[in-house]
>>> print(open('query00.pdb').read())   # PDB, C-alpha atoms and all ligand atoms
ATOM      1  CA  MET V 922     -44.809 -53.526 -20.638
ATOM      2  CA  ILE V 923     -46.780 -55.590 -18.173
ATOM      3  CA  PHE V 924     -48.186 -58.961 -19.223
ATOM      4  CA  ASP V 925     -50.763 -60.695 -17.031
ATOM      5  CA  ILE V 926     -51.426 -64.255 -18.174
ATOM      6  CA  LEU V 927     -54.592 -65.997 -16.939
ATOM      7  CA  THR V 928     -54.160 -69.759 -17.094
ATOM      8  CA  ILE V 929     -55.078 -72.991 -15.365
ATOM      9  CA  PHE V 930     -51.525 -74.240 -16.068
ATOM     10  CA  PRO V 931     -49.243 -71.675 -14.408
ATOM     11  CA  ASP V 932     -46.209 -73.985 -14.499
ATOM     12  CA  PHE V 933     -46.367 -74.002 -18.284
ATOM     13  CA  PHE V 934     -44.608 -70.623 -18.423
ATOM     14  CA  GLU V 935     -41.749 -71.372 -16.059
ATOM     15  CA  SER V 936     -39.150 -72.502 -18.533
ATOM     16  CA  PRO V 937     -39.892 -70.199 -21.517
ATOM     17  CA  LEU V 938     -39.622 -67.152 -19.275
ATOM     18  CA  GLN V 939     -36.235 -68.246 -18.014
ATOM     19  CA  GLU V 940     -34.377 -68.339 -21.303
ATOM     20  CA  GLY V 941     -32.510 -65.947 -23.557
ATOM     21  CA  ILE V 942     -33.822 -62.539 -24.491
ATOM     22  CA  ILE V 943     -37.039 -62.896 -22.482
ATOM     23  CA  ARG V 944     -35.106 -63.683 -19.336
ATOM     24  CA  ARG V 945     -32.871 -60.674 -19.966
ATOM     25  CA  ALA V 946     -35.846 -58.379 -20.613
ATOM     26  CA  LEU V 947     -37.378 -59.516 -17.319
ATOM     27  CA  GLY V 948     -34.112 -58.964 -15.480
ATOM     28  CA  ALA V 949     -33.717 -55.481 -16.964
ATOM     29  CA  GLY V 950     -37.301 -54.531 -16.034
ATOM     30  CA  LYS V 951     -38.323 -54.060 -19.685
ATOM     31  CA  ILE V 952     -41.218 -56.438 -19.094
ATOM     32  CA  ASP V 953     -43.065 -57.742 -16.107
ATOM     33  CA  VAL V 954     -44.937 -61.050 -16.465
ATOM     34  CA  ASN V 955     -47.537 -61.999 -13.876
ATOM     35  CA  ILE V 956     -48.868 -65.531 -14.145
ATOM     36  CA  ARG V 957     -52.378 -65.689 -12.682
ATOM     37  CA  ASN V 958     -53.746 -69.070 -11.721
ATOM     38  CA  ILE V 959     -57.440 -68.943 -12.647
ATOM     39  CA  ARG V 960     -58.192 -71.710 -10.163
ATOM     40  CA  GLU V 961     -57.336 -69.373  -7.300
ATOM     41  CA  TYR V 962     -60.270 -67.194  -8.311
ATOM     42  CA  ALA V 963     -62.813 -70.042  -8.471
ATOM     43  CA  LEU V 964     -65.727 -69.382  -6.155
ATOM     44  CA  ASP V 965     -66.810 -72.897  -5.153
ATOM     45  CA  ARG V 966     -65.021 -75.186  -2.750
ATOM     46  CA  HIS V 967     -64.003 -77.591  -5.552
ATOM     47  CA  LYS V 968     -62.240 -74.708  -7.332
ATOM     48  CA  MET V 969     -64.065 -75.439 -10.580
ATOM     49  CA  THR V 970     -62.966 -73.420 -13.582
ATOM     50  CA  ASP V 971     -65.058 -75.238 -16.204
ATOM     51  CA  ASP V 972     -68.494 -76.783 -16.597
ATOM     52  CA  ARG V 973     -70.687 -78.572 -19.150
ATOM     53  CA  PRO V 974     -72.090 -76.505 -22.031
ATOM     54  CA  PHE V 975     -75.717 -75.403 -21.949
ATOM     55  CA  GLY V 976     -77.488 -77.042 -24.872
ATOM     56  CA  GLY V 977     -75.343 -80.152 -24.567
ATOM     57  CA  GLY V 978     -72.427 -81.240 -26.701
ATOM     58  CA  GLU V 979     -68.872 -82.362 -26.274
ATOM     59  CA  GLY V 980     -66.358 -81.076 -23.766
ATOM     60  CA  MET V 981     -66.359 -78.392 -21.121
ATOM     61  CA  VAL V 982     -66.624 -74.606 -21.184
ATOM     62  CA  MET V 983     -64.551 -72.235 -19.053
ATOM     63  CA  LYS V 984     -66.740 -70.592 -16.422
ATOM     64  CA  PRO V 985     -67.018 -66.797 -16.559
ATOM     65  CA  GLU V 986     -66.865 -65.949 -12.828
ATOM     66  CA  PRO V 987     -63.266 -67.002 -12.013
ATOM     67  CA  LEU V 988     -61.972 -65.188 -15.104
ATOM     68  CA  ALA V 989     -63.955 -62.058 -14.247
ATOM     69  CA  ALA V 990     -62.840 -62.140 -10.614
ATOM     70  CA  CYS V 991     -59.214 -62.451 -11.687
ATOM     71  CA  ILE V 992     -59.402 -59.475 -14.047
ATOM     72  CA  ASP V 993     -61.323 -57.357 -11.515
ATOM     73  CA  ASP V 994     -58.538 -58.089  -9.052
ATOM     74  CA  ILE V 995     -55.727 -57.262 -11.482
ATOM     75  CA  VAL V 996     -57.116 -53.973 -12.732
ATOM     76  CA  SER V 997     -58.042 -52.560  -9.371
ATOM     77  CA  ASP V 998     -54.771 -50.597  -9.487
ATOM     78  CA  GLY V 999     -56.298 -48.299 -12.152
ATOM     79  CA  ARG V1000     -53.593 -48.689 -14.836
ATOM     80  CA  ALA V1001     -54.595 -48.788 -18.522
ATOM     81  CA  TYR V1002     -54.846 -52.273 -20.018
ATOM     82  CA  LYS V1003     -56.141 -54.332 -22.907
ATOM     83  CA  VAL V1004     -57.662 -57.820 -22.513
ATOM     84  CA  ILE V1005     -56.899 -60.398 -25.187
ATOM     85  CA  ALA V1006     -58.371 -63.895 -25.331
ATOM     86  CA  LEU V1007     -56.365 -66.507 -27.209
ATOM     87  CA  SER V1008     -58.671 -68.543 -29.408
ATOM     88  CA  PRO V1009     -58.532 -70.259 -32.816
ATOM     89  CA  ARG V1010     -61.544 -68.177 -33.840
ATOM     90  CA  GLY V1011     -59.792 -64.861 -33.148
ATOM     91  CA  LYS V1012     -58.242 -62.324 -35.499
ATOM     92  CA  GLN V1013     -55.040 -63.600 -37.127
ATOM     93  CA  TYR V1014     -51.887 -62.599 -35.215
ATOM     94  CA  THR V1015     -49.264 -60.991 -37.439
ATOM     95  CA  GLN V1016     -46.114 -58.910 -37.049
ATOM     96  CA  GLN V1017     -48.256 -55.825 -37.605
ATOM     97  CA  VAL V1018     -50.569 -56.775 -34.719
ATOM     98  CA  ALA V1019     -47.475 -57.426 -32.561
ATOM     99  CA  GLN V1020     -46.190 -53.922 -33.400
ATOM    100  CA  GLN V1021     -49.518 -52.323 -32.475
ATOM    101  CA  LEU V1022     -49.729 -54.213 -29.196
ATOM    102  CA  ALA V1023     -46.111 -53.389 -28.301
ATOM    103  CA  ALA V1024     -47.287 -49.793 -27.804
ATOM    104  CA  GLU V1025     -49.737 -50.794 -25.040
ATOM    105  CA  PRO V1026     -48.684 -50.405 -21.391
ATOM    106  CA  ARG V1027     -50.343 -53.593 -20.190
ATOM    107  CA  LEU V1028     -51.759 -56.717 -21.859
ATOM    108  CA  ILE V1029     -53.952 -59.238 -20.070
ATOM    109  CA  LEU V1030     -53.807 -62.541 -21.952
ATOM    110  CA  VAL V1031     -56.565 -65.049 -21.244
ATOM    111  CA  CYS V1032     -55.647 -68.628 -22.130
ATOM    112  CA  GLY V1033     -58.713 -70.576 -23.201
ATOM    113  CA  ARG V1034     -58.911 -74.346 -22.712
ATOM    114  CA  TYR V1035     -61.495 -77.016 -23.515
ATOM    115  CA  GLU V1036     -64.339 -76.053 -25.830
ATOM    116  CA  GLY V1037     -63.984 -72.322 -25.234
ATOM    117  CA  ILE V1038     -64.826 -69.550 -22.790
ATOM    118  CA  ASP V1039     -68.344 -68.559 -21.712
ATOM    119  CA  GLN V1040     -69.355 -65.883 -24.208
ATOM    120  CA  ARG V1041     -70.680 -63.553 -21.495
ATOM    121  CA  PHE V1042     -67.152 -63.171 -20.117
ATOM    122  CA  THR V1043     -65.832 -62.464 -23.606
ATOM    123  CA  ASP V1044     -68.562 -59.907 -24.309
ATOM    124  CA  ARG V1045     -67.974 -57.989 -21.131
ATOM    125  CA  TYR V1046     -64.213 -58.240 -20.570
ATOM    126  CA  VAL V1047     -62.361 -59.057 -23.777
ATOM    127  CA  ASP V1048     -61.169 -56.329 -26.162
ATOM    128  CA  GLN V1049     -59.824 -58.649 -28.826
ATOM    129  CA  GLU V1050     -59.744 -62.384 -29.601
ATOM    130  CA  ILE V1051     -56.501 -63.455 -31.256
ATOM    131  CA  SER V1052     -55.524 -66.636 -33.092
ATOM    132  CA  ILE V1053     -51.898 -67.424 -33.848
ATOM    133  CA  GLY V1054     -52.819 -69.497 -36.915
ATOM    134  CA  ASP V1055     -55.311 -71.739 -38.617
ATOM    135  CA  TYR V1056     -54.769 -74.798 -36.456
ATOM    136  CA  VAL V1057     -56.152 -75.834 -33.095
ATOM    137  CA  LEU V1058     -53.914 -76.066 -30.021
ATOM    138  CA  THR V1059     -54.861 -77.814 -26.795
ATOM    139  CA  GLY V1060     -55.085 -74.388 -25.168
ATOM    140  CA  GLY V1061     -54.075 -70.758 -25.416
ATOM    141  CA  GLU V1062     -50.893 -71.029 -23.319
ATOM    142  CA  LEU V1063     -48.509 -71.575 -26.222
ATOM    143  CA  ALA V1064     -50.237 -68.795 -28.144
ATOM    144  CA  ALA V1065     -49.896 -66.418 -25.172
ATOM    145  CA  MET V1066     -46.194 -67.230 -24.872
ATOM    146  CA  ILE V1067     -45.743 -66.564 -28.579
ATOM    147  CA  MET V1068     -47.308 -63.144 -28.087
ATOM    148  CA  VAL V1069     -45.100 -62.357 -25.073
ATOM    149  CA  ASP V1070     -42.015 -63.393 -27.040
ATOM    150  CA  SER V1071     -42.800 -61.560 -30.269
ATOM    151  CA  ILE V1072     -43.932 -58.361 -28.518
ATOM    152  CA  THR V1073     -41.036 -58.262 -26.054
ATOM    153  CA  ARG V1074     -38.399 -58.291 -28.779
ATOM    154  CA  LEU V1075     -40.025 -55.188 -30.298
ATOM    155  CA  LEU V1076     -39.762 -53.126 -27.119
ATOM    156  CA  PRO V1077     -37.102 -50.399 -27.057
ATOM    157  CA  GLY V1078     -33.753 -51.589 -25.715
ATOM    158  CA  VAL V1079     -34.616 -55.299 -25.647
ATOM    159  CA  LEU V1080     -32.628 -56.478 -28.663
ATOM    160  CA  GLY V1081     -28.885 -55.880 -28.530
ATOM    161  CA  CYS V1082     -28.548 -54.344 -31.954
ATOM    162  CA  CYS V1083     -30.773 -51.302 -32.461
ATOM    163  CA  ASP V1084     -31.947 -52.286 -35.918
ATOM    164  CA  SER V1085     -32.410 -56.041 -35.472
ATOM    165  CA  ALA V1086     -36.189 -55.731 -35.347
ATOM    166  CA  THR V1087     -36.467 -53.235 -38.196
ATOM    167  CA  ASN V1088     -34.741 -55.693 -40.561
ATOM    168  CA  ASP V1089     -37.032 -58.547 -39.598
ATOM    169  CA  THR V1090     -38.851 -60.754 -41.975
ATOM    170  CA  PHE V1091     -42.325 -59.159 -42.435
ATOM    171  CA  SER V1092     -41.248 -55.702 -41.276
ATOM    172  CA  ARG V1093     -41.468 -54.404 -44.850
ATOM    173  CA  GLY V1094     -43.585 -57.025 -46.568
ATOM    174  CA  LEU V1095     -40.590 -59.184 -47.517
ATOM    175  CA  LEU V1096     -39.130 -62.389 -46.120
ATOM    176  CA  LYS V1097     -35.597 -62.005 -44.798
ATOM    177  CA  HIS V1098     -32.682 -62.900 -47.053
ATOM    178  CA  SER V1099     -30.557 -65.983 -46.311
ATOM    179  CA  GLN V1100     -27.545 -65.609 -44.010
ATOM    180  CA  TYR V1101     -24.100 -67.268 -44.045
ATOM    181  CA  THR V1102     -21.244 -67.483 -41.575
ATOM    182  CA  ARG V1103     -17.909 -69.285 -41.292
ATOM    183  CA  PRO V1104     -16.623 -71.621 -42.641
ATOM    184  CA  ARG V1105     -16.387 -70.225 -46.160
ATOM    185  CA  GLU V1106     -16.908 -73.725 -47.493
ATOM    186  CA  PHE V1107     -19.337 -76.271 -46.000
ATOM    187  CA  GLN V1108     -19.667 -79.731 -47.546
ATOM    188  CA  GLY V1109     -18.494 -78.376 -50.872
ATOM    189  CA  GLN V1110     -20.866 -75.395 -50.815
ATOM    190  CA  THR V1111     -19.439 -71.892 -50.923
ATOM    191  CA  VAL V1112     -20.826 -68.542 -49.780
ATOM    192  CA  PRO V1113     -22.408 -66.256 -52.458
ATOM    193  CA  GLN V1114     -19.621 -64.148 -53.934
ATOM    194  CA  ALA V1115     -21.384 -60.805 -53.329
ATOM    195  CA  LEU V1116     -21.250 -61.340 -49.557
ATOM    196  CA  LEU V1117     -17.485 -61.820 -49.624
ATOM    197  CA  SER V1118     -16.842 -58.813 -51.836
ATOM    198  CA  GLY V1119     -16.812 -56.124 -49.126
ATOM    199  CA  ASN V1120     -18.775 -53.985 -51.602
ATOM    200  CA  HIS V1121     -21.774 -52.601 -49.711
ATOM    201  CA  ALA V1122     -23.835 -51.833 -52.789
ATOM    202  CA  ALA V1123     -23.324 -55.380 -54.113
ATOM    203  CA  ILE V1124     -24.234 -56.840 -50.723
ATOM    204  CA  GLU V1125     -27.419 -54.732 -50.503
ATOM    205  CA  GLN V1126     -28.381 -55.744 -54.024
ATOM    206  CA  PHE V1127     -27.788 -59.423 -53.300
ATOM    207  CA  ARG V1128     -29.849 -59.262 -50.099
ATOM    208  CA  LEU V1129     -32.756 -57.394 -51.618
ATOM    209  CA  THR V1130     -33.004 -59.687 -54.625
ATOM    210  CA  GLU V1131     -32.707 -62.754 -52.352
ATOM    211  CA  SER V1132     -35.538 -61.402 -50.197
ATOM    212  CA  VAL V1133     -37.739 -60.747 -53.194
ATOM    213  CA  ARG V1134     -37.018 -64.172 -54.745
ATOM    214  CA  LEU V1135     -37.826 -65.925 -51.472
ATOM    215  CA  THR V1136     -40.998 -63.905 -50.995
ATOM    216  CA  LEU V1137     -42.125 -64.641 -54.558
ATOM    217  CA  LYS V1138     -41.540 -68.335 -53.928
ATOM    218  CA  HIS V1139     -42.971 -68.791 -50.414
ATOM    219  CA  ARG V1140     -45.270 -65.842 -49.662
ATOM    220  CA  PRO V1141     -46.248 -63.947 -52.814
ATOM    221  CA  ASP V1142     -49.281 -62.597 -50.904
ATOM    222  CA  LEU V1143     -46.915 -60.387 -48.840
ATOM    223  CA  LEU V1144     -45.717 -58.485 -51.895
ATOM    224  CA  ALA V1145     -48.981 -56.561 -52.123
ATOM    225  CA  GLU V1146     -47.750 -54.514 -49.127
ATOM    226  CA  ALA V1147     -44.098 -54.133 -50.176
ATOM    227  CA  GLN V1148     -42.829 -50.674 -51.172
ATOM    228  CA  PHE V1149     -39.581 -50.133 -53.082
ATOM    229  CA  SER V1150     -37.494 -47.010 -53.579
ATOM    230  CA  SER V1151     -36.592 -46.036 -57.146
ATOM    231  CA  ALA V1152     -33.018 -47.324 -56.593
ATOM    232  CA  GLU V1153     -34.425 -50.656 -55.427
ATOM    233  CA  LYS V1154     -36.787 -50.823 -58.381
ATOM    234  CA  LYS V1155     -33.804 -50.312 -60.682
ATOM    235  CA  MET V1156     -31.951 -53.217 -59.028
ATOM    236  CA  LEU V1157     -34.999 -55.445 -59.235
ATOM    237  CA  ARG V1158     -35.556 -54.558 -62.876
ATOM    238  CA  GLN V1159     -31.923 -55.525 -63.643
ATOM    239  CA  GLU V1160     -32.564 -58.917 -62.048
ATOM    240  CA  GLY V1161     -35.845 -59.376 -63.950
ATOM    241  CA  LEU V1162     -37.850 -59.371 -60.714
ATOM    242  CA  LEU V1163     -39.874 -56.178 -61.036
ATOM    243  CA  ASP V1164     -42.210 -57.621 -63.680
ATOM    244  CA  ALA V1165     -42.819 -60.702 -61.531
ATOM    245  CA  ILE V1166     -43.834 -58.495 -58.587
ATOM    246  CA  GLN V1167     -46.092 -56.350 -60.746
ATOM    247  CA  ASP V1168     -47.711 -59.459 -62.275
ATOM    248  CA  ILE V1169     -48.570 -60.682 -58.792
ATOM    249  CA  ASN V1170     -50.001 -57.371 -57.685
ATOM    250  CA  GLN V1171     -52.141 -57.131 -60.815
ATOM    251  CA  ALA V1172     -53.448 -60.699 -60.541
ATOM    252  CA  PRO V1173     -57.218 -60.715 -59.995
TER     253      PRO V1173
HETATM  254  N1  LIG A1201     -56.122 -71.942 -28.702
HETATM  255  C1  LIG A1201     -56.262 -73.066 -29.439
HETATM  256  N2  LIG A1201     -55.826 -72.892 -30.681
HETATM  257  C2  LIG A1201     -55.403 -71.594 -30.772
HETATM  258  C3  LIG A1201     -54.853 -70.803 -31.802
HETATM  259  N3  LIG A1201     -54.662 -71.279 -33.031
HETATM  260  N4  LIG A1201     -54.522 -69.530 -31.519
HETATM  261  C4  LIG A1201     -54.733 -69.012 -30.290
HETATM  262  N5  LIG A1201     -55.248 -69.715 -29.270
HETATM  263  C5  LIG A1201     -55.585 -70.996 -29.493
END
>>> encode(input="query00.pdb", output="structure tokens")
Amino acid sequence: MIFDILTIFPDFFESPLQEGIIRRALGAGKIDVNIRNIREYALDRHKMTDDRPFGGGEGMVMKPEPLAACIDDIVSDGRAYKVIALSPRGKQYTQQVAQQLAAEPRLILVCGRYEGIDQRFTDRYVDQEISIGDYVLTGGELAAMIMVDSITRLLPGVLGCCDSATNDTFSRGLLKHSQYTRPREFQGQTVPQALLSGNHAAIEQFRLTESVRLTLKHRPDLLAEAQFSSAEKKMLRQEGLLDAIQDINQAP
């Protein structure tokens, strides 16, 4: 996967790309990240990337020409690509969107700043506007990095354990169960007995019911998408959770 990130703050990405799994994925050639400084594509001698909005109003708007020139330059190699603009008014980013985008060969991420990007650039160049949540950041850089991070870990061979991503929170409409490690006792608190039992069926049952309880408590909206096998339904019925799930899904 190739990521091209268009930004006026290229240094922003230095440290996050040099840590942990992302660093390893870069080293192993699983991803390639090209940071493109929009300023280098500005046409005037002051290297302006923004200007005042037509019609007046607060703040500055990102000019279309440097962004267009940058993309025209990047895509001249003829490879397939998708252009995404990071913006609080975009479509909500979710694990499902991350999974869809992980199948693309190349993503061009445009980091907006100020009051937004000239709409004519968006209309002509952008395939999708994406928001990472209902809050406003000072710019799209953090959002772009979040996309790079969440997509990279879904790429084949990036995570050490082959099923780490398939067991993720959200991957099946459930939040992930709680985890415990040594010591067996911490400040008087023990580890749930099922996890110490060595009994795989008991462990699976504990984890599934934990997941469902947590999802009911924090994100009941997710349960509309969750599917359960008949064995799982039996376990959930035993724990009195199946009715709670059905009540939620039948709520108007
Ligand atoms: N830029 C500013 N806020 C944003 C958000 N919530 N998501 C994506 N890009 C943004």
>>> residues_near_point(input="query00.pdb", point="(-49.5, -60.1, -52.2)", cutoff="10 Å", atoms="only C-alpha atoms", output="VMD selection string")
chain V and resid 1094 1136 to 1137 1140 to 1147 1166 to 1167 1169 to 1172
>>> resolve_selection(input="query00.pdb", expression="the PyMOL selection byres (((chain V and resi 1004) around 9) and not hetatm)", output="PyMOL selection string")
chain V and resi 992+1002-1003+1005-1006+1027-1031+1046-1050
>>> atom_distance(input="query00.pdb", atom1="CA of Thr1087 (chain V)", atom2="CA of Leu1063 (chain V)")
25.0 Å
>>> axis_aligned_box(input="query00.pdb", around="ligand LIG 1201 (chain A)", padding_each_side="5 Å", output="JSON")
{"center_x": -55.4, "center_y": -71.0, "center_z": -30.9, "size_x": 11.7, "size_y": 14.1, "size_z": 14.3}
>>> resolve_selection(input="query00.pdb", expression="the PyMOL selection byres (((not hetatm)) within 9 of (chain A and resi 1201))", output="list in words")
Ala1006, Leu1007, Ser1008, Pro1009, Arg1010, Gly1011, Gln1013, Tyr1014, Cys1032, Gly1033, Arg1034, Tyr1035, Gly1037, Glu1050, Ile1051, Ser1052, Ile1053, Gly1054, Asp1055, Tyr1056, Val1057, Leu1058, Thr1059, Gly1060, Gly1061, Glu1062, Leu1063, Ala1064 and Ala1065 of chain V
>>> atom_distance(input="query00.pdb", atom1="CA of Gln939 (chain V)", atom2="CA of Thr1090 (chain V)")
25.2 Å
>>> closest_atom_pairs(input="query00.pdb", of="region 995-1055 of chain V", to="region 1072-1077 of chain V", cutoff="9 Å", atoms="only C-alpha atoms", output="CSV")
residue,atom,partner,partner_atom,distance
V:Gln1016,CA,V:Ile1072,CA,8.8
V:Ala1019,CA,V:Ile1072,CA,5.5
V:Gln1020,CA,V:Ile1072,CA,7.0
V:Leu1022,CA,V:Ile1072,CA,7.2
V:Ala1023,CA,V:Ile1072,CA,5.4
V:Ala1024,CA,V:Leu1076,CA,8.3
>>> closest_residue(input="query00.pdb", among="V:Leu1116, V:Ala1152, V:Asn1088, V:Asp994", to="Tyr1101 (chain V)", atoms="all atoms listed in the file")
V:Leu1116
>>> closest_residue(input="query00.pdb", among="V:Phe1042, V:Phe1107, V:Phe975, V:Phe934", to="Asn958 (chain V)", atoms="all atoms listed in the file")
V:Phe934
>>> atom_distance(input="query00.pdb", atom1="CA of Ala1123 (chain V)", atom2="CA of Ser1150 (chain V)")
16.5 Å
>>> residues_near_point(input="query00.pdb", point="(-35.6, -56.8, -58.0)", cutoff="6 Å", atoms="only C-alpha atoms", output="VMD selection string")
chain V and resid 1130 1156 to 1158 1160 1162 to 1163
>>> build_atoms(input="query00.pdb", residues="region 948-961 of chain V", atoms="N, CA and C atoms", output="compact mmCIF listing (two decimals), in the coordinates of the input")
# COMPACT_ATOMS: atom_id res chain seq x y z
N GLY V 948 -35.15 -59.40 -16.42
CA GLY V 948 -34.11 -58.96 -15.48
C GLY V 948 -33.88 -57.46 -15.55
N ALA V 949 -33.99 -56.91 -16.78
CA ALA V 949 -33.72 -55.48 -16.96
C ALA V 949 -34.96 -54.64 -16.69
N GLY V 950 -36.07 -55.28 -16.33
CA GLY V 950 -37.30 -54.53 -16.03
C GLY V 950 -37.99 -53.99 -17.27
N LYS V 951 -37.63 -54.52 -18.46
CA LYS V 951 -38.32 -54.06 -19.68
C LYS V 951 -39.73 -54.65 -19.75
N ILE V 952 -39.88 -55.83 -19.19
CA ILE V 952 -41.22 -56.44 -19.09
C ILE V 952 -41.42 -56.98 -17.68
N ASP V 953 -42.68 -57.13 -17.37
CA ASP V 953 -43.06 -57.74 -16.11
C ASP V 953 -44.10 -58.79 -16.51
N VAL V 954 -43.95 -60.03 -16.09
CA VAL V 954 -44.94 -61.05 -16.46
C VAL V 954 -45.54 -61.64 -15.20
N ASN V 955 -46.84 -61.45 -15.04
CA ASN V 955 -47.54 -62.00 -13.88
C ASN V 955 -48.39 -63.17 -14.33
N ILE V 956 -48.08 -64.35 -13.80
CA ILE V 956 -48.87 -65.53 -14.14
C ILE V 956 -49.98 -65.65 -13.11
N ARG V 957 -51.21 -65.64 -13.57
CA ARG V 957 -52.38 -65.69 -12.68
C ARG V 957 -53.05 -67.04 -12.82
N ASN V 958 -53.11 -67.75 -11.71
CA ASN V 958 -53.75 -69.07 -11.72
C ASN V 958 -55.26 -68.89 -11.58
N ILE V 959 -55.98 -69.19 -12.64
CA ILE V 959 -57.44 -68.94 -12.65
C ILE V 959 -58.11 -69.70 -11.50
N ARG V 960 -57.58 -70.87 -11.21
CA ARG V 960 -58.19 -71.71 -10.16
C ARG V 960 -58.29 -70.97 -8.81
N GLU V 961 -57.32 -70.11 -8.58
CA GLU V 961 -57.34 -69.37 -7.30
C GLU V 961 -58.50 -68.40 -7.20
